[in-house]
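Undergrad: data34.cif is reproduced in full below (mmCIF, C-alpha atoms).
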data_target
loop_
_atom_site.group_PDB
_atom_site.id
_atom_site.type_symbol
_atom_site.label_atom_id
_atom_site.label_comp_id
_atom_site.auth_asym_id
_atom_site.auth_seq_id
_atom_site.Cartn_x
_atom_site.Cartn_y
_atom_site.Cartn_z
ATOM 1 C CA MET V 526 -1.097 5.814 -18.533
ATOM 2 C CA GLY V 527 -1.958 6.110 -22.232
ATOM 3 C CA SER V 528 -2.036 9.904 -22.279
ATOM 4 C CA GLY V 529 1.678 10.047 -21.456
ATOM 5 C CA SER V 530 2.274 7.969 -24.556
ATOM 6 C CA ALA V 531 -0.069 10.271 -26.454
ATOM 7 C CA ILE V 532 2.056 13.262 -25.457
ATOM 8 C CA MET V 533 5.212 11.444 -26.552
ATOM 9 C CA ALA V 534 3.573 10.489 -29.860
ATOM 10 C CA GLU V 535 2.466 14.082 -30.344
ATOM 11 C CA VAL V 536 5.961 15.410 -29.653
ATOM 12 C CA GLN V 537 7.598 12.825 -31.924
ATOM 13 C CA SER V 538 5.128 13.611 -34.707
ATOM 14 C CA PHE V 539 5.769 17.312 -34.286
ATOM 15 C CA GLU V 540 9.527 16.691 -34.264
ATOM 16 C CA ARG V 541 9.243 14.823 -37.583
ATOM 17 C CA SER V 542 7.169 17.630 -39.030
ATOM 18 C CA VAL V 543 9.713 20.254 -37.948
ATOM 19 C CA ARG V 544 12.546 18.129 -39.380
ATOM 20 C CA ASN V 545 10.704 17.710 -42.691
ATOM 21 C CA LEU V 546 10.050 21.435 -42.822
ATOM 22 C CA SER V 547 13.672 22.201 -42.011
ATOM 23 C CA ASP V 548 14.960 19.729 -44.620
ATOM 24 C CA SER V 549 12.646 21.127 -47.278
ATOM 25 C CA ILE V 550 13.583 24.730 -46.539
ATOM 26 C CA GLY V 551 17.252 23.815 -46.461
ATOM 27 C CA GLY V 552 16.951 21.944 -49.760
ATOM 28 C CA ALA V 553 15.247 24.881 -51.407
ATOM 29 C CA GLY V 554 17.696 27.348 -49.941
ATOM 30 C CA SER V 555 20.463 26.352 -52.335
ATOM 31 C CA LEU V 556 18.204 27.145 -55.318
ATOM 32 C CA TRP V 557 16.024 29.929 -54.014
ATOM 33 C CA ARG V 558 17.969 32.957 -52.856
ATOM 34 C CA ASP V 559 15.743 36.018 -53.341
ATOM 35 C CA SER V 560 14.155 38.278 -50.696
ATOM 36 C CA LYS V 561 11.016 36.145 -50.496
ATOM 37 C CA PHE V 562 13.088 33.214 -49.338
ATOM 38 C CA GLN V 563 14.838 35.432 -46.805
ATOM 39 C CA GLU V 564 11.455 36.465 -45.367
ATOM 40 C CA LEU V 565 10.290 32.875 -45.261
ATOM 41 C CA GLY V 566 13.521 31.869 -43.562
ATOM 42 C CA VAL V 567 13.076 34.462 -40.807
ATOM 43 C CA ILE V 568 9.548 33.269 -40.084
ATOM 44 C CA VAL V 569 10.530 29.622 -40.098
ATOM 45 C CA ARG V 570 13.479 30.311 -37.780
ATOM 46 C CA ASP V 571 11.133 31.952 -35.257
ATOM 47 C CA ILE V 572 8.791 29.004 -35.490
ATOM 48 C CA ALA V 573 11.750 26.658 -35.095
ATOM 49 C CA VAL V 574 12.740 28.327 -31.812
ATOM 50 C CA GLN V 575 9.238 27.871 -30.438
ATOM 51 C CA SER V 576 9.189 24.297 -31.758
ATOM 52 C CA ARG V 577 12.433 23.478 -29.973
ATOM 53 C CA ASP V 578 10.988 24.778 -26.701
ATOM 54 C CA LEU V 579 7.850 22.726 -27.274
ATOM 55 C CA MET V 580 9.800 19.507 -27.926
ATOM 56 C CA THR V 581 12.027 20.096 -24.905
ATOM 57 C CA ALA V 582 8.986 20.713 -22.690
ATOM 58 C CA GLY V 583 7.179 17.709 -24.148
ATOM 59 C CA GLU V 584 10.125 15.368 -23.616
ATOM 60 C CA ARG V 585 10.640 16.651 -20.073
ATOM 61 C CA CYS V 586 6.928 16.157 -19.444
ATOM 62 C CA CYS V 587 7.128 12.531 -20.666
ATOM 63 C CA THR V 588 10.221 11.887 -18.522
ATOM 64 C CA THR V 589 8.433 13.222 -15.446
ATOM 65 C CA ILE V 590 5.353 11.127 -16.229
ATOM 66 C CA ASN V 591 7.543 8.015 -16.615
ATOM 67 C CA GLN V 592 9.159 8.729 -13.245
ATOM 68 C CA PHE V 593 5.705 9.096 -11.697
ATOM 69 C CA GLU V 594 4.571 5.822 -13.283
ATOM 70 C CA ALA V 595 7.658 4.024 -11.964
ATOM 71 C CA ILE V 596 6.784 5.070 -8.412
ATOM 72 C CA ALA V 597 3.088 4.279 -8.920
ATOM 73 C CA SER V 598 3.944 0.761 -10.095
ATOM 74 C CA GLU V 599 5.844 -0.087 -6.897
ATOM 75 C CA ARG V 600 4.070 -2.873 -4.992
ATOM 76 C CA TYR V 601 4.431 -3.622 -1.294
ATOM 77 C CA MET D 915 17.350 23.863 -63.230
ATOM 78 C CA ALA D 916 13.888 25.463 -63.294
ATOM 79 C CA ASP D 917 12.298 22.016 -62.780
ATOM 80 C CA VAL D 918 14.555 21.298 -59.829
ATOM 81 C CA THR D 919 13.721 24.668 -58.325
ATOM 82 C CA THR D 920 10.011 24.101 -58.850
ATOM 83 C CA GLU D 921 10.251 20.651 -57.275
ATOM 84 C CA ALA D 922 12.117 22.078 -54.265
ATOM 85 C CA LEU D 923 9.516 24.797 -53.828
ATOM 86 C CA ARG D 924 6.684 22.287 -54.066
ATOM 87 C CA SER D 925 8.470 20.247 -51.408
ATOM 88 C CA VAL D 926 8.665 23.329 -49.175
ATOM 89 C CA LYS D 927 5.013 23.998 -49.824
ATOM 90 C CA THR D 928 4.071 20.445 -48.882
ATOM 91 C CA ALA D 929 6.210 20.557 -45.737
ATOM 92 C CA LEU D 930 4.689 23.870 -44.725
ATOM 93 C CA GLY D 931 1.205 22.481 -45.336
ATOM 94 C CA ASN D 932 1.959 19.451 -43.197
ATOM 95 C CA PHE D 933 3.429 21.670 -40.520
ATOM 96 C CA GLN D 934 0.363 23.886 -40.556
ATOM 97 C CA THR D 935 -1.826 20.774 -40.153
ATOM 98 C CA ASP D 936 0.265 19.616 -37.210
ATOM 99 C CA ILE D 937 0.051 22.990 -35.507
ATOM 100 C CA ALA D 938 -3.730 23.163 -35.880
ATOM 101 C CA GLY D 939 -5.353 21.920 -32.667
ATOM 102 C CA MET D 940 -2.024 21.279 -30.962
ATOM 103 C CA TYR D 941 -2.930 23.372 -27.921
ATOM 104 C CA ALA D 942 -6.297 21.619 -27.562
ATOM 105 C CA ARG D 943 -4.658 18.186 -27.877
ATOM 106 C CA ALA D 944 -1.932 19.125 -25.402
ATOM 107 C CA SER D 945 -4.555 20.347 -22.931
ATOM 108 C CA SER D 946 -6.656 17.221 -23.376
ATOM 109 C CA ASN D 947 -3.675 14.868 -23.048
ATOM 110 C CA THR D 948 -2.258 16.590 -19.983
ATOM 111 C CA ASP D 949 -5.708 16.734 -18.346
ATOM 112 C CA SER D 950 -5.976 12.996 -18.891
ATOM 113 C CA VAL D 951 -2.462 12.437 -17.495
ATOM 114 C CA LEU D 952 -3.128 14.551 -14.414
ATOM 115 C CA SER D 953 -6.444 12.777 -13.828
ATOM 116 C CA SER D 954 -4.685 9.409 -14.043
ATOM 117 C CA CYS D 955 -1.912 10.625 -11.723
ATOM 118 C CA GLN D 956 -4.481 11.833 -9.215
ATOM 119 C CA GLN D 957 -6.109 8.388 -9.294
ATOM 120 C CA SER D 958 -2.725 6.803 -8.568
ATOM 121 C CA VAL D 959 -2.178 9.177 -5.638
ATOM 122 C CA SER D 960 -5.666 8.386 -4.324
ATOM 123 C CA ALA D 961 -5.000 4.647 -4.651
ATOM 124 C CA ALA D 962 -1.700 5.059 -2.783
ATOM 125 C CA GLN D 963 -3.514 6.994 -0.046
ATOM 126 C CA SER D 964 -6.089 4.175 0.178
ATOM 127 C CA ASP D 965 -3.255 1.643 0.527
ATOM 128 C CA VAL D 966 -1.770 3.705 3.374
ATOM 129 C CA ASP D 967 -5.159 4.004 5.092
ATOM 130 C CA ALA D 968 -5.802 0.257 4.778
ATOM 131 C CA SER D 969 -2.345 -0.566 6.113
ATOM 132 C CA GLN D 970 -2.784 1.814 9.055
ATOM 133 C CA ALA D 971 -6.128 0.177 9.853
ATOM 134 C CA ARG D 972 -4.502 -3.264 9.675
ATOM 135 C CA VAL D 973 -1.712 -2.177 12.053
ATOM 136 C CA GLN D 974 -4.303 -0.833 14.501
ATOM 137 C CA GLU D 975 -6.324 -4.041 14.193
ATOM 138 C CA LEU D 976 -3.223 -6.091 14.978
ATOM 139 C CA GLU D 977 -2.358 -3.813 17.922
ATOM 140 C CA ASN D 978 -5.849 -4.463 19.307
ATOM 141 C CA THR D 979 -5.449 -8.207 18.770
ATOM 142 C CA ILE D 980 -2.069 -8.129 20.533
ATOM 143 C CA ALA D 981 -3.509 -6.207 23.488
ATOM 144 C CA ALA D 982 -6.372 -8.718 23.787
ATOM 145 C CA LEU D 983 -3.965 -11.680 23.570
ATOM 146 C CA GLU D 984 -1.698 -10.146 26.220
ATOM 147 C CA GLN D 985 -4.692 -9.769 28.538
ATOM 148 C CA GLN D 986 -5.767 -13.379 27.875
ATOM 149 C CA ILE D 987 -2.215 -14.572 28.515
ATOM 150 C CA LYS D 988 -2.106 -12.691 31.807
ATOM 151 C CA ASP D 989 -5.506 -14.085 32.874
ATOM 152 C CA THR D 990 -4.455 -17.607 31.891
ATOM 153 C CA SER D 991 -1.127 -17.286 33.652
ATOM 154 C CA ASP D 992 -2.841 -15.989 36.803
ATOM 155 C CA ALA D 993 -5.259 -18.940 36.701
ATOM 156 C CA ILE D 994 -2.374 -21.418 36.307
ATOM 157 C CA VAL D 995 -0.460 -19.834 39.194
ATOM 158 C CA LYS D 996 -3.590 -19.935 41.366
ATOM 159 C CA ILE D 997 -4.136 -23.631 40.665
ATOM 160 C CA ARG D 998 -0.454 -24.480 41.063
ATOM 161 C CA GLU D 999 0.341 -22.378 44.110
ATOM 162 C CA LYS D 1000 -2.974 -22.197 45.929
ATOM 163 C CA ASP D 1001 -5.686 -24.672 44.907
ATOM 164 C CA ILE D 1002 -3.553 -27.834 44.622
ATOM 165 C CA PRO D 1003 -1.522 -27.162 47.802
ATOM 166 C CA ASN D 1004 -4.771 -26.438 49.676
ATOM 167 C CA THR D 1005 -6.262 -29.691 48.420
ATOM 168 C CA ASP D 1006 -3.079 -31.588 49.309
ATOM 169 C CA ALA D 1007 -3.176 -30.071 52.796
ATOM 170 C CA GLN D 1008 -6.794 -31.121 53.248
ATOM 171 C CA ILE D 1009 -5.989 -34.639 52.020
ATOM 172 C CA SER D 1010 -3.016 -34.790 54.350
ATOM 173 C CA ASN D 1011 -5.162 -33.622 57.231
ATOM 174 C CA LEU D 1012 -7.772 -36.267 56.392
ATOM 175 C CA ASN D 1013 -5.069 -38.938 56.198
ATOM 176 C CA SER D 1014 -3.969 -37.904 59.661
ATOM 177 C CA GLN D 1015 -7.561 -38.058 60.917
ATOM 178 C CA ILE D 1016 -8.034 -41.459 59.280
ATOM 179 C CA TYR D 1017 -4.832 -42.724 60.904
ATOM 180 C CA HIS D 1018 -5.979 -41.610 64.344
ATOM 181 C CA MET D 1019 -9.498 -42.952 63.812
ATOM 182 C CA LYS D 1020 -8.075 -46.341 62.820
ATOM 183 C CA GLU D 1021 -5.973 -46.332 65.984
ATOM 184 C CA GLN D 1022 -9.011 -45.311 67.996
ATOM 185 C CA LEU D 1023 -11.086 -47.992 66.292
ATOM 186 C CA ALA D 1024 -8.451 -50.646 67.024
ATOM 187 C CA SER D 1025 -8.355 -49.518 70.634
ATOM 188 C CA LEU D 1026 -12.161 -49.649 70.902
ATOM 189 C CA ARG D 1027 -12.235 -53.113 69.370
ATOM 190 C CA ALA D 1028 -9.565 -54.233 71.849
ATOM 191 C CA SER D 1029 -11.614 -52.747 74.660
ATOM 192 C CA LEU D 1030 -14.718 -54.483 73.356
ATOM 193 C CA SER D 1031 -13.001 -57.849 73.539
ATOM 194 C CA HIS D 1032 -12.252 -57.223 77.218
ATOM 195 C CA ALA D 1033 -15.592 -55.691 78.200
ATOM 196 C CA GLN D 1034 -17.267 -57.406 81.204
ATOM 197 C CA ASP D 1035 -20.826 -56.147 81.264
ATOM 198 C CA ALA D 1036 -23.556 -55.478 78.748
ATOM 199 C CA ASP D 1037 -23.632 -51.707 79.280
ATOM 200 C CA ALA D 1038 -19.926 -51.424 78.654
ATOM 201 C CA VAL D 1039 -20.298 -53.577 75.508
ATOM 202 C CA ARG D 1040 -23.138 -51.419 74.186
ATOM 203 C CA SER D 1041 -21.232 -48.243 74.981
ATOM 204 C CA ILE D 1042 -18.107 -49.475 73.211
ATOM 205 C CA GLN D 1043 -20.126 -50.795 70.262
ATOM 206 C CA SER D 1044 -21.827 -47.399 69.954
ATOM 207 C CA SER D 1045 -18.432 -45.675 69.992
ATOM 208 C CA ILE D 1046 -17.138 -48.121 67.377
ATOM 209 C CA ALA D 1047 -20.168 -47.384 65.168
ATOM 210 C CA GLN D 1048 -19.626 -43.613 65.522
ATOM 211 C CA CYS D 1049 -15.924 -44.021 64.797
ATOM 212 C CA GLU D 1050 -16.607 -46.200 61.736
ATOM 213 C CA SER D 1051 -19.163 -43.656 60.496
ATOM 214 C CA ALA D 1052 -16.704 -40.791 60.977
ATOM 215 C CA LEU D 1053 -13.983 -42.861 59.299
ATOM 216 C CA SER D 1054 -16.260 -43.553 56.353
ATOM 217 C CA ALA D 1055 -17.063 -39.838 56.079
ATOM 218 C CA CYS D 1056 -13.327 -39.061 56.074
ATOM 219 C CA TYR D 1057 -12.740 -41.569 53.284
ATOM 220 C CA SER D 1058 -15.597 -40.063 51.314
ATOM 221 C CA ARG D 1059 -14.224 -36.514 51.775
ATOM 222 C CA LYS D 1060 -10.765 -37.772 50.866
ATOM 223 C CA ASP D 1061 -12.122 -39.365 47.660
ATOM 224 C CA ASN D 1062 -13.843 -36.085 46.801
ATOM 225 C CA LEU D 1063 -10.679 -34.098 47.420
ATOM 226 C CA GLU D 1064 -8.584 -36.478 45.324
ATOM 227 C CA TYR D 1065 -11.154 -36.165 42.517
ATOM 228 C CA GLN D 1066 -10.973 -32.368 42.886
ATOM 229 C CA LYS D 1067 -7.177 -32.539 42.717
ATOM 230 C CA THR D 1068 -7.332 -34.666 39.557
ATOM 231 C CA GLU D 1069 -9.712 -32.117 38.039
ATOM 232 C CA LEU D 1070 -7.415 -29.245 39.092
ATOM 233 C CA ILE D 1071 -4.429 -30.941 37.467
ATOM 234 C CA LYS D 1072 -6.491 -31.548 34.340
ATOM 235 C CA ARG D 1073 -7.615 -27.913 34.329
ATOM 236 C CA ARG D 1074 -4.031 -26.732 34.887
ATOM 237 C CA ASN D 1075 -2.829 -28.835 31.932
ATOM 238 C CA GLU D 1076 -5.599 -27.371 29.748
ATOM 239 C CA LEU D 1077 -4.680 -23.848 30.829
ATOM 240 C CA GLU D 1078 -0.996 -24.498 30.161
ATOM 241 C CA ALA D 1079 -1.842 -25.723 26.647
ATOM 242 C CA GLN D 1080 -4.061 -22.659 26.162
ATOM 243 C CA TYR D 1081 -1.243 -20.448 27.468
ATOM 244 C CA ASN D 1082 1.177 -21.920 24.929
ATOM 245 C CA ARG D 1083 -1.347 -21.434 22.108
ATOM 246 C CA LEU D 1084 -1.907 -17.823 23.164
ATOM 247 C CA ARG D 1085 1.846 -17.185 23.303
ATOM 248 C CA SER D 1086 2.176 -18.629 19.806
ATOM 249 C CA ASP D 1087 -0.761 -16.516 18.566
ATOM 250 C CA LEU D 1088 0.824 -13.447 20.183
ATOM 251 C CA ALA D 1089 4.172 -14.113 18.495
ATOM 252 C CA ASP D 1090 2.388 -14.512 15.139
ATOM 253 C CA ALA D 1091 0.405 -11.295 15.642
ATOM 254 C CA GLU D 1092 3.513 -9.344 16.690
ATOM 255 C CA TYR D 1093 5.418 -10.653 13.660
ATOM 256 C CA GLU D 1094 2.554 -9.718 11.340
ATOM 257 C CA ARG D 1095 2.238 -6.284 12.983
ATOM 258 C CA ASP D 1096 5.970 -5.632 12.541
ATOM 259 C CA GLN D 1097 5.750 -6.729 8.901
ATOM 260 C CA GLU D 1098 2.719 -4.499 8.333
ATOM 261 C CA LYS D 1099 4.489 -1.561 10.005
ATOM 262 C CA ARG D 1100 7.434 -1.964 7.637
ATOM 263 C CA ARG D 1101 4.978 -2.181 4.717
ATOM 264 C CA LEU D 1102 3.166 0.920 5.988
ATOM 265 C CA TYR D 1103 6.466 2.829 6.142
ATOM 266 C CA LYS D 1104 7.166 1.922 2.514
ATOM 267 C CA LEU D 1105 3.619 2.805 1.439
ATOM 268 C CA GLN D 1106 3.840 6.193 3.175
ATOM 269 C CA ASP D 1107 7.212 6.814 1.548
ATOM 270 C CA LYS D 1108 5.707 5.862 -1.820
ATOM 271 C CA LEU D 1109 2.763 8.231 -1.232
ATOM 272 C CA ASN D 1110 5.101 11.105 -0.331
ATOM 273 C CA ARG D 1111 7.257 10.488 -3.415
ATOM 274 C CA LEU D 1112 4.130 10.205 -5.592
ATOM 275 C CA ARG D 1113 2.846 13.560 -4.296
ATOM 276 C CA ALA D 1114 6.201 15.187 -5.024
ATOM 277 C CA ALA D 1115 6.285 13.579 -8.490
ATOM 278 C CA MET D 1116 2.694 14.716 -9.049
ATOM 279 C CA GLY D 1117 3.799 18.302 -8.418
ATOM 280 C CA ARG D 1118 6.562 17.930 -11.008
ATOM 281 C CA VAL D 1119 4.141 16.364 -13.527
ATOM 282 C CA GLN D 1120 1.702 19.255 -13.009
ATOM 283 C CA SER D 1121 4.468 21.804 -13.494
ATOM 284 C CA ASP D 1122 5.924 20.110 -16.586
ATOM 285 C CA CYS D 1123 2.490 19.498 -18.127
ATOM 286 C CA ASN D 1124 1.654 23.151 -17.600
ATOM 287 C CA GLU D 1125 4.889 24.185 -19.304
ATOM 288 C CA TYR D 1126 4.185 21.820 -22.210
ATOM 289 C CA VAL D 1127 0.690 23.235 -22.677
ATOM 290 C CA ILE D 1128 2.053 26.789 -22.584
ATOM 291 C CA CYS D 1129 4.662 25.895 -25.232
ATOM 292 C CA SER D 1130 1.964 24.273 -27.379
ATOM 293 C CA LYS D 1131 -0.078 27.423 -27.190
ATOM 294 C CA ARG D 1132 2.950 29.566 -28.070
ATOM 295 C CA VAL D 1133 3.666 27.485 -31.158
ATOM 296 C CA GLU D 1134 0.050 27.568 -32.225
ATOM 297 C CA VAL D 1135 -0.274 31.324 -31.849
ATOM 298 C CA GLN D 1136 3.202 32.066 -33.200
ATOM 299 C CA SER D 1137 1.908 32.297 -36.736
ATOM 300 C CA ASP D 1138 -0.719 34.848 -35.788
ATOM 301 C CA ARG D 1139 1.803 36.956 -33.895
ATOM 302 C CA LEU D 1140 4.208 37.005 -36.850
ATOM 303 C CA SER D 1141 1.596 37.786 -39.440
ATOM 304 C CA SER D 1142 0.752 41.442 -39.747
ATOM 305 C CA SER D 1143 -2.204 40.634 -41.975
ATOM 306 C CA GLY D 1144 -3.808 38.298 -39.497
ATOM 307 C CA ALA D 1145 -3.087 35.183 -41.547
ATOM 308 C CA THR D 1146 -0.879 32.532 -39.954
ATOM 309 C CA ALA D 1147 2.857 32.680 -40.474
ATOM 310 C CA VAL D 1148 2.783 29.373 -42.257
ATOM 311 C CA SER D 1149 -0.008 30.602 -44.493
ATOM 312 C CA GLN D 1150 2.111 33.645 -45.157
ATOM 313 C CA CYS D 1151 4.970 31.345 -46.184
ATOM 314 C CA LEU D 1152 2.632 29.402 -48.431
ATOM 315 C CA THR D 1153 1.493 32.632 -50.007
ATOM 316 C CA PHE D 1154 5.114 33.554 -50.680
ATOM 317 C CA ILE D 1155 5.642 30.226 -52.397
ATOM 318 C CA GLU D 1156 2.414 30.407 -54.363
ATOM 319 C CA ASP D 1157 3.375 33.883 -55.517
ATOM 320 C CA TYR D 1158 6.819 32.711 -56.466
ATOM 321 C CA LEU D 1159 5.529 29.629 -58.289
ATOM 322 C CA SER D 1160 2.911 31.632 -60.203
ATOM 323 C CA VAL D 1161 5.575 34.025 -61.375
ATOM 324 C CA ASN D 1162 8.115 31.349 -62.303
ATOM 325 C CA LEU D 1163 5.669 28.840 -63.778
#
Let's see the structure in the file written out as structure tokens.

TA:
Amino acid sequence: MGSGSAIMAEVQSFERSVRNLSDSIGGAGSLWRDSKFQELGVIVRDIAVQSRDLMTAGERCCTTINQFEAIASERY
Amino acid sequence: MADVTTEALRSVKTALGNFQTDIAGMYARASSNTDSVLSSCQQSVSAAQSDVDASQARVQELENTIAALEQQIKDTSDAIVKIREKDIPNTDAQISNLNSQIYHMKEQLASLRASLSHAQDADAVRSIQSSIAQCESALSACYSRKDNLEYQKTELIKRRNELEAQYNRLRSDLADAEYERDQEKRRLYKLQDKLNRLRAAMGRVQSDCNEYVICSKRVEVQSDRLSSSGATAVSQCLTFIEDYLSVNL
């Protein structure tokens, strides 16, 4: 079931992107402290919450698909 | 310090750009991927249903075979019992009766021959000779009937042996069919259990895929919701950075 792998790949790619974004924002945070950064931080935090929900849902989806595949592969 | 700050901001800008690229089309990809998954799952459920149907048909086929074998076994057994308990005893009784007749005819023939040796006149001789001829003819007929009956008995025994061999083959075939039916029934139980678990798992996959698609859509539209100007949130962030860089550079 290649599409299950595609979902996992999509989630993993998204997770890397979120981590890169988080690392970059965090790295800049120590040097960039004005109100613009505060605004950016608020927006990114909101996006991060949605991203966490997406990754959780995606991983749960892949787990469920794997469980389905395990049953489907049973041979009698 | 200014260079480090600029480098950090460029890094944020790049990360935001990458993130924006990842978000673009995420909902469409999630929908496409989950549609493909659900289609594949449905095919697996259909295949499992086909396996159950085929197994049920095989069980029914074996039940029919078993019923036919049981009827053949009963017919064969009845035929064996008939030969053993009716046909052969009847034939033996007829042979015994003929043996008795032959014994008496031989005695009668011996008596007639003794009488013939003591006969005084020609009429008496002719009469006795005629009786001897009739007795010999009847005796010959009895021997002939006895030969026929003994041949019939041999054929009955041969037929009984054939039927007994057939009976044993049918019993063996029945045992094989019953064993195969029991095996297939156990397989059918497992296939039905698999189908039920697949259907339940399919429901969970549908639910989780739906949730994943909803989350993908939320992430994709999040930027629009947060942006009062209609631009995406990430674009808004990029604008902040561009503004900041243009001022500081």

Undergrad: For the file shown, report as a ChimeraX atom specification the outcome of the PyMOL selection byres ((chain V) within 8 of (chain D)) at residue level.

TA: /V:526-529,531-532,539,542-543,545-546,549-550,552-553,556-557,561,565,568,572,575-576,578-579,582-583,585-586,589-590,592-593,596-597,599,601

Undergrad: I would like the residues chosen by the PyMOL selection byres ((chain D and resi 1017-1021) around 10) on the shown file; could you give them as a PyMOL selection string?

TA: chain D and resi 1011-1016+1022-1027+1046+1049-1050+1052-1053+1056

Undergrad: Grab the CA of Leu1077 (chain D) to CA of Thr990 (chain D) distance for me, in Å with one decimal place.

TA: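 Distance reported for this atom pair: 6.3 Å.
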
Undergrad: Looking at all atoms listed in the file, which of V:Arg600, V:Val569, V:Cys587, V:Ala595 is the one that sits closest to Met533 (chain V)?

TA: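 Residue with the minimum atom-to-atom distance to Met533 (chain V): V:Cys587.
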
Undergrad: Just the number, please: distance in Å from CA of Glu1064 (chain D) to CA of Asp992 (chain D), one decimal.

TA: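 Computing it gives 22.9 Å between the two atoms.
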
Undergrad: If we count all atoms listed in the file, what is near region 997-999 of chain D at a cut-off of 9 Å, once residues fewer than 2 positions away on the same chain are taken out, given as a list in words?

TA: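 These residues fall inside the cut-off: Asp992, Ala993, Ile994, Val995, Asp1001, Ile1002, Pro1003, Asn1004, Leu1070, Ile1071, Arg1073 and Arg1074 of chain D.
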
Undergrad: Please indicate the distance in Å from CA of Asp989 (chain D) to CA of Glu977 (chain D), rounded to one decimal place.

TA: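 CA of Glu977 (chain D) lies at a distance of 18.4 Å from CA of Asp989 (chain D).
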
Undergrad: Since the input is missing atoms for region 935-953 of chain D, could you rebuild it with N, CA and C atoms and give the result as a tab-separated table (two decimals), keeping the file's coordinate frame?

TA:
chain	number	residue	atom	x	y	z
D	935	THR	N	-0.85	21.76	-40.63
D	935	THR	CA	-1.83	20.77	-40.15
D	935	THR	C	-1.47	20.31	-38.74
D	936	ASP	N	-0.16	20.09	-38.53
D	936	ASP	CA	0.26	19.62	-37.21
D	936	ASP	C	0.01	20.66	-36.14
D	937	ILE	N	0.24	21.92	-36.49
D	937	ILE	CA	0.05	22.99	-35.51
D	937	ILE	C	-1.42	23.12	-35.13
D	938	ALA	N	-2.30	22.98	-36.14
D	938	ALA	CA	-3.73	23.16	-35.88
D	938	ALA	C	-4.21	22.20	-34.80
D	939	GLY	N	-4.78	22.74	-33.74
D	939	GLY	CA	-5.35	21.92	-32.67
D	939	GLY	C	-4.32	21.39	-31.69
D	940	MET	N	-3.07	21.80	-31.85
D	940	MET	CA	-2.02	21.28	-30.96
D	940	MET	C	-2.29	21.66	-29.49
D	941	TYR	N	-2.67	22.90	-29.28
D	941	TYR	CA	-2.93	23.37	-27.92
D	941	TYR	C	-4.09	22.58	-27.29
D	942	ALA	N	-5.14	22.37	-28.08
D	942	ALA	CA	-6.30	21.62	-27.56
D	942	ALA	C	-5.90	20.18	-27.24
D	943	ARG	N	-5.09	19.57	-28.13
D	943	ARG	CA	-4.66	18.19	-27.88
D	943	ARG	C	-3.74	18.11	-26.65
D	944	ALA	N	-2.84	19.11	-26.56
D	944	ALA	CA	-1.93	19.12	-25.40
D	944	ALA	C	-2.73	19.26	-24.10
D	945	SER	N	-3.73	20.15	-24.12
D	945	SER	CA	-4.56	20.35	-22.93
D	945	SER	C	-5.30	19.07	-22.57
D	946	SER	N	-5.88	18.44	-23.61
D	946	SER	CA	-6.66	17.22	-23.38
D	946	SER	C	-5.76	16.10	-22.83
D	947	ASN	N	-4.58	15.94	-23.48
D	947	ASN	CA	-3.68	14.87	-23.05
D	947	ASN	C	-3.16	15.09	-21.62
D	948	THR	N	-2.79	16.33	-21.33
D	948	THR	CA	-2.26	16.59	-19.98
D	948	THR	C	-3.37	16.50	-18.93
D	949	ASP	N	-4.58	16.91	-19.29
D	949	ASP	CA	-5.71	16.73	-18.35
D	949	ASP	C	-5.90	15.26	-18.03
D	950	SER	N	-5.81	14.44	-19.07
D	950	SER	CA	-5.98	13.00	-18.89
D	950	SER	C	-4.85	12.43	-18.02
D	951	VAL	N	-3.62	12.90	-18.29
D	951	VAL	CA	-2.46	12.44	-17.50
D	951	VAL	C	-2.64	12.82	-16.03
D	952	LEU	N	-2.99	14.08	-15.80
D	952	LEU	CA	-3.13	14.55	-14.41
D	952	LEU	C	-4.26	13.83	-13.69
D	953	SER	N	-5.34	13.53	-14.42
D	953	SER	CA	-6.44	12.78	-13.83
D	953	SER	C	-5.97	11.38	-13.43
